[in-house]
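Trainee: One file: work_23.txt (compact mmCIF, C-alpha atoms).
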# COMPACT_ATOMS: atom_id res chain seq x y z
CA MET A 9 -27.57 -21.27 -1.62
CA SER A 10 -25.53 -18.56 0.02
CA PHE A 11 -22.69 -16.60 -1.39
CA PHE A 12 -19.92 -15.03 0.62
CA VAL A 13 -17.65 -12.43 -0.81
CA VAL A 14 -14.55 -12.07 1.27
CA ALA A 15 -12.13 -9.28 0.53
CA LEU A 16 -8.72 -9.93 1.94
CA VAL A 17 -6.04 -7.29 1.81
CA CYS A 18 -2.60 -8.65 2.48
CA TYR A 19 0.30 -6.45 3.34
CA ALA A 20 3.66 -8.10 3.38
CA ALA A 21 6.91 -6.82 2.04
CA TYR A 22 7.46 -8.48 -1.29
CA THR A 23 11.09 -9.07 -2.09
CA HIS A 24 12.75 -9.64 -5.44
CA GLN A 25 16.01 -11.49 -5.99
CA GLY A 26 17.91 -10.38 -2.91
CA GLU A 27 16.17 -7.03 -2.45
CA ILE A 28 17.26 -5.75 0.97
CA ASP A 29 15.17 -2.61 1.35
CA SER A 30 12.17 -4.23 3.02
CA ALA A 31 14.43 -5.87 5.59
CA ASN A 32 16.19 -2.55 6.19
CA PHE A 33 12.87 -0.76 6.72
CA LEU A 34 11.60 -3.44 9.12
CA ALA A 35 14.91 -3.42 11.01
CA LYS A 36 14.57 0.33 11.55
CA TYR A 37 10.79 0.33 12.08
CA PRO A 38 9.79 -3.12 13.41
CA GLN A 39 6.40 -1.78 14.55
CA THR A 40 5.38 -1.50 10.88
CA ALA A 41 5.53 -5.26 10.25
CA GLY A 42 2.17 -6.47 8.97
CA THR A 43 0.84 -2.93 8.40
CA LYS A 44 0.29 -1.06 5.17
CA LEU A 45 3.88 0.17 5.46
CA ASP A 46 5.12 -3.42 5.14
CA SER A 47 4.90 -3.09 1.36
CA CYS A 48 6.60 -1.73 -1.73
CA ASN A 49 4.41 1.39 -1.60
CA VAL A 50 6.65 2.94 1.04
CA CYS A 51 9.30 3.70 -1.60
CA HIS A 52 7.58 3.07 -4.93
CA ARG A 53 4.80 5.01 -6.61
CA GLY A 54 2.18 4.06 -9.12
CA SER A 55 1.71 5.85 -12.40
CA SER A 56 -0.09 5.78 -15.71
CA LYS A 57 1.30 4.57 -18.98
CA PRO A 58 1.38 7.59 -21.32
CA GLN A 59 -0.63 5.80 -24.03
CA ASP A 60 -3.15 4.27 -21.64
CA PRO A 61 -5.44 6.16 -19.23
CA VAL A 62 -5.46 3.19 -16.83
CA SER A 63 -3.73 3.95 -13.55
CA LEU A 64 -1.21 1.40 -12.37
CA GLY A 65 -0.34 0.53 -8.79
CA SER A 66 3.26 0.57 -7.65
CA CYS A 67 3.85 -3.13 -8.40
CA GLN A 68 2.33 -2.95 -11.88
CA TRP A 69 4.17 0.30 -12.65
CA CYS A 70 7.51 -1.19 -11.56
CA HIS A 71 6.97 -4.33 -13.64
CA TYR A 72 5.95 -2.24 -16.65
CA THR A 73 8.87 0.20 -16.27
CA THR A 74 11.48 -2.53 -15.84
CA GLY A 75 10.08 -4.66 -18.67
CA TYR A 76 9.34 -7.38 -16.12
CA GLY A 77 12.97 -7.48 -15.04
CA LYS A 78 14.61 -7.09 -18.46
CA THR A 79 15.86 -3.60 -17.53
CA PRO A 80 16.09 -3.77 -13.73
CA GLY A 81 17.92 -0.44 -13.41
CA ASN A 82 14.73 1.34 -14.48
CA PHE A 83 13.25 0.72 -11.01
CA VAL A 84 14.69 4.13 -10.05
CA ASN A 85 11.98 5.69 -12.24
CA THR A 86 9.31 4.14 -10.00
CA LEU A 87 10.56 5.63 -6.72
CA ASN A 88 8.46 8.17 -4.86
CA SER A 89 10.13 11.09 -3.06
CA TYR A 90 10.81 9.00 0.07
CA GLY A 91 12.29 6.14 -1.94
CA GLN A 92 14.49 8.57 -3.85
CA ALA A 93 15.74 10.14 -0.58
CA TYR A 94 16.46 6.66 0.81
CA LEU A 95 18.40 5.72 -2.33
CA ASN A 96 20.35 9.01 -2.36
CA SER A 97 21.25 8.58 1.32
CA GLY A 98 22.84 5.16 0.90
CA ARG A 99 20.02 2.60 0.69
CA ASN A 100 20.66 1.06 4.12
CA VAL A 101 19.39 1.32 7.69
CA ALA A 102 21.61 4.36 8.29
CA ALA A 103 19.94 6.05 5.30
CA LEU A 104 16.55 5.61 6.95
CA THR A 105 17.88 7.28 10.08
CA ALA A 106 19.42 10.09 8.02
CA ILE A 107 16.11 10.97 6.32
CA GLU A 108 13.65 10.42 9.17
CA ASN A 109 13.49 14.11 10.13
CA ASN A 110 12.98 15.19 6.51
CA ASP A 111 9.56 15.77 4.99
CA SER A 112 10.09 13.81 1.79
CA ASP A 113 6.60 14.34 0.38
CA GLY A 114 6.27 18.00 1.42
CA ASP A 115 3.02 17.56 3.34
CA GLY A 116 4.24 19.27 6.53
CA TYR A 117 5.03 16.08 8.49
CA SER A 118 8.44 14.52 8.95
CA ASN A 119 9.02 11.01 7.65
CA LYS A 120 9.42 9.81 11.24
CA VAL A 121 6.04 11.27 12.27
CA GLU A 122 4.30 9.79 9.23
CA ILE A 123 5.81 6.34 9.80
CA ALA A 124 4.79 6.42 13.49
CA ALA A 125 1.24 7.24 12.33
CA LEU A 126 1.41 4.41 9.73
CA ARG A 127 1.22 6.86 6.83
CA TYR A 128 3.27 6.76 3.63
CA PRO A 129 6.16 9.25 3.94
CA GLY A 130 6.37 9.52 0.13
CA ASP A 131 2.70 10.31 -0.51
CA PRO A 132 1.53 13.89 0.19
CA ASN A 133 -2.09 12.68 0.19
CA ASP A 134 -1.48 10.33 3.13
CA ASP A 135 -0.63 12.19 6.31
CA PRO A 136 -1.32 11.80 10.05
CA THR A 137 -4.54 13.83 9.83
CA LYS A 138 -6.21 11.08 7.82
CA VAL A 139 -8.57 8.86 9.77
CA ALA A 140 -9.11 5.26 8.78
CA ALA A 141 -12.69 4.33 7.96
CA PRO A 142 -14.34 2.19 10.62
CA SER A 143 -14.29 -1.50 9.90
CA LYS A 144 -15.22 -4.78 11.48
CA VAL A 145 -13.64 -8.15 10.85
CA PHE A 146 -15.83 -11.25 10.95
CA THR A 147 -14.67 -14.81 11.36
CA ARG A 148 -16.00 -17.45 9.01
CA GLU A 149 -18.00 -18.89 11.89
CA GLN A 150 -19.62 -15.50 12.55
CA LEU A 151 -20.47 -15.10 8.87
CA GLU A 152 -22.02 -18.56 8.71
CA LYS A 153 -24.29 -17.74 11.67
CA MET A 154 -25.70 -14.63 9.98
CA PRO A 155 -29.10 -14.74 8.28
CA GLN A 156 -28.84 -15.77 4.67
CA HIS A 157 -30.07 -13.52 1.88
CA TYR A 158 -31.43 -15.09 -1.25
CA PRO A 159 -32.15 -13.52 -4.62
CA ILE A 160 -35.71 -12.26 -4.91
CA SER A 161 -37.94 -11.88 -7.92
CA PRO A 162 -38.29 -8.52 -9.70
CA HIS A 163 -41.87 -8.32 -8.38
CA GLU A 164 -40.71 -8.76 -4.77
CA CYS A 165 -38.00 -6.14 -5.36
CA GLN A 166 -40.60 -3.64 -6.60
CA GLN A 167 -42.72 -4.30 -3.51
CA ILE A 168 -39.79 -3.58 -1.20
CA HIS A 169 -38.78 -0.34 -2.95
CA ARG A 170 -42.26 1.27 -3.03
Represent the structure of the file as structure tokens.
Mentor:
Amino acid sequence: MSFFVVALVCYAAYTHQGEIDSANFLAKYPQTAGTKLDSCNVCHRGSSKPQDPVSLGSCQWCHYTTGYGKTPGNFVNTLNSYGQAYLNSGRNVAALTAIENNDSDGDGYSNKVEIAALRYPGDPNDDPTKVAAPSKVFTREQLEKMPQHYPISPHECQQIHR
């Protein structure tokens, strides 16, 4: 019996009840469609609940902060520096143009440069100097043609690791 573990990371702008910001961002930067920038993380940050040491991603933090939609105005508390600049500049396509030469996260790169490099303009730890780790994508057919690995006994494991 063979087991395949497939990790699939999906990036797609997730919209809530008429949210227009993803559409605005893609209208201004269509080359980011389907990339990591096609997500809520462009404008929203993650955080930790004060009483819990578990870190929360931007989606979880937004849901927690807004009480799962009961206090929708609290979303402002989840914005990163880029999202805050976008909001303060009018929250439209013109706002994106107005802030593109700013360095919202203070990492030394303008928002425009970071977006062109597919880096988050609101995260100082993600800048154009970062290099993506090498990766390879396999089709299901390619995976099925690979040699199968089966569990071995503890004795066989000891023999291999001597």
Trainee: So what do you get for atom CA of A:Asn88 versus atom CA of A:Tyr76, distance-wise?
Mentor: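 It comes out at 19.2 Å.
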Trainee: Counting all atoms listed in the file, figure out which residue out of A:Asn109, A:Thr86, A:Thr74, A:Asn32 gets nearest to A:Gly54.
Mentor: A:Thr86
Trainee: So, counting all atoms listed in the file, which residue among A:Gly77, A:Gln68, A:Phe33, A:Leu87 is closest to A:Ala102?
Mentor: A:Phe33
Trainee: In terms of the shortest atom-to-atom distance over only C-alpha atoms, which of A:His52, A:Ser97, A:Ser63, A:Lys120 is closest to A:Asn85?
Mentor: A:His52
Trainee: Using Å and a single decimal, report how far atom CA of A:Lys138 sits from atom CA of A:Tyr117.
Mentor: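 So the two atoms, atom CA of A:Tyr117 and atom CA of A:Lys138, lie 12.3 Å apart.
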Trainee: Rounded to one decimal in Å, what is the spacing between atom CA of A:Gln39 and atom CA of A:Ala124?
Mentor: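 Interatomic distance, atom CA of A:Gln39 to atom CA of A:Ala124: 8.4 Å.
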Trainee: Find, counting only C-alpha atoms, the residue in A:His157, A:Arg99, A:Arg53, A:Arg148 that gets nearest to A:Phe83.
Mentor: A:Arg53
Trainee: Would you mind listing what lies within 12 Å of A:Asn110 as a list in words, with all atoms listed in the file counted and same-chain residues fewer than 5 positions away left out?
Mentor: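 Answer for this query is Ser89, Tyr90, Ala93, Tyr94, Ser97, Ala103, Leu104, Thr105, Asp115, Gly116, Tyr117, Ser118, Asn119, Lys120, Val121, Glu122, Ile123, Pro129 and Gly130 of chain A.
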Trainee: Counting only C-alpha atoms, which of A:Leu151, A:Ala41, A:Ile107, A:Cys48 gets nearest to A:Glu27?
Mentor: A:Cys48
Trainee: Given the choices A:Ala140, A:Leu126, A:Met154, A:Val101, which gets closest to A:Thr43 if the distance is worked out from only C-alpha atoms?
Mentor: A:Leu126
Trainee: Find the spatial neighbours of A:Tyr128, counting all atoms listed in the file, within a cut-off of 8 Å - ignore same-chain residues fewer than 5 positions away - and output them as JSON, numbers by chain.
Mentor: {"A": [45, 49, 50, 122, 123, 134, 135]}
Trainee: Residues as selected, C-alpha atoms, written as an mmCIF file, in the coordinates of the input, can you do that?
Mentor:
data_model
loop_
_atom_site.group_PDB
_atom_site.id
_atom_site.type_symbol
_atom_site.label_atom_id
_atom_site.label_comp_id
_atom_site.auth_asym_id
_atom_site.auth_seq_id
_atom_site.Cartn_x
_atom_site.Cartn_y
_atom_site.Cartn_z
ATOM 1 C CA LEU A 45 3.880 0.170 5.460
ATOM 2 C CA ASN A 49 4.410 1.390 -1.600
ATOM 3 C CA VAL A 50 6.650 2.940 1.040
ATOM 4 C CA GLU A 122 4.300 9.790 9.230
ATOM 5 C CA ILE A 123 5.810 6.340 9.800
ATOM 6 C CA ASP A 134 -1.480 10.330 3.130
ATOM 7 C CA ASP A 135 -0.630 12.190 6.310
#
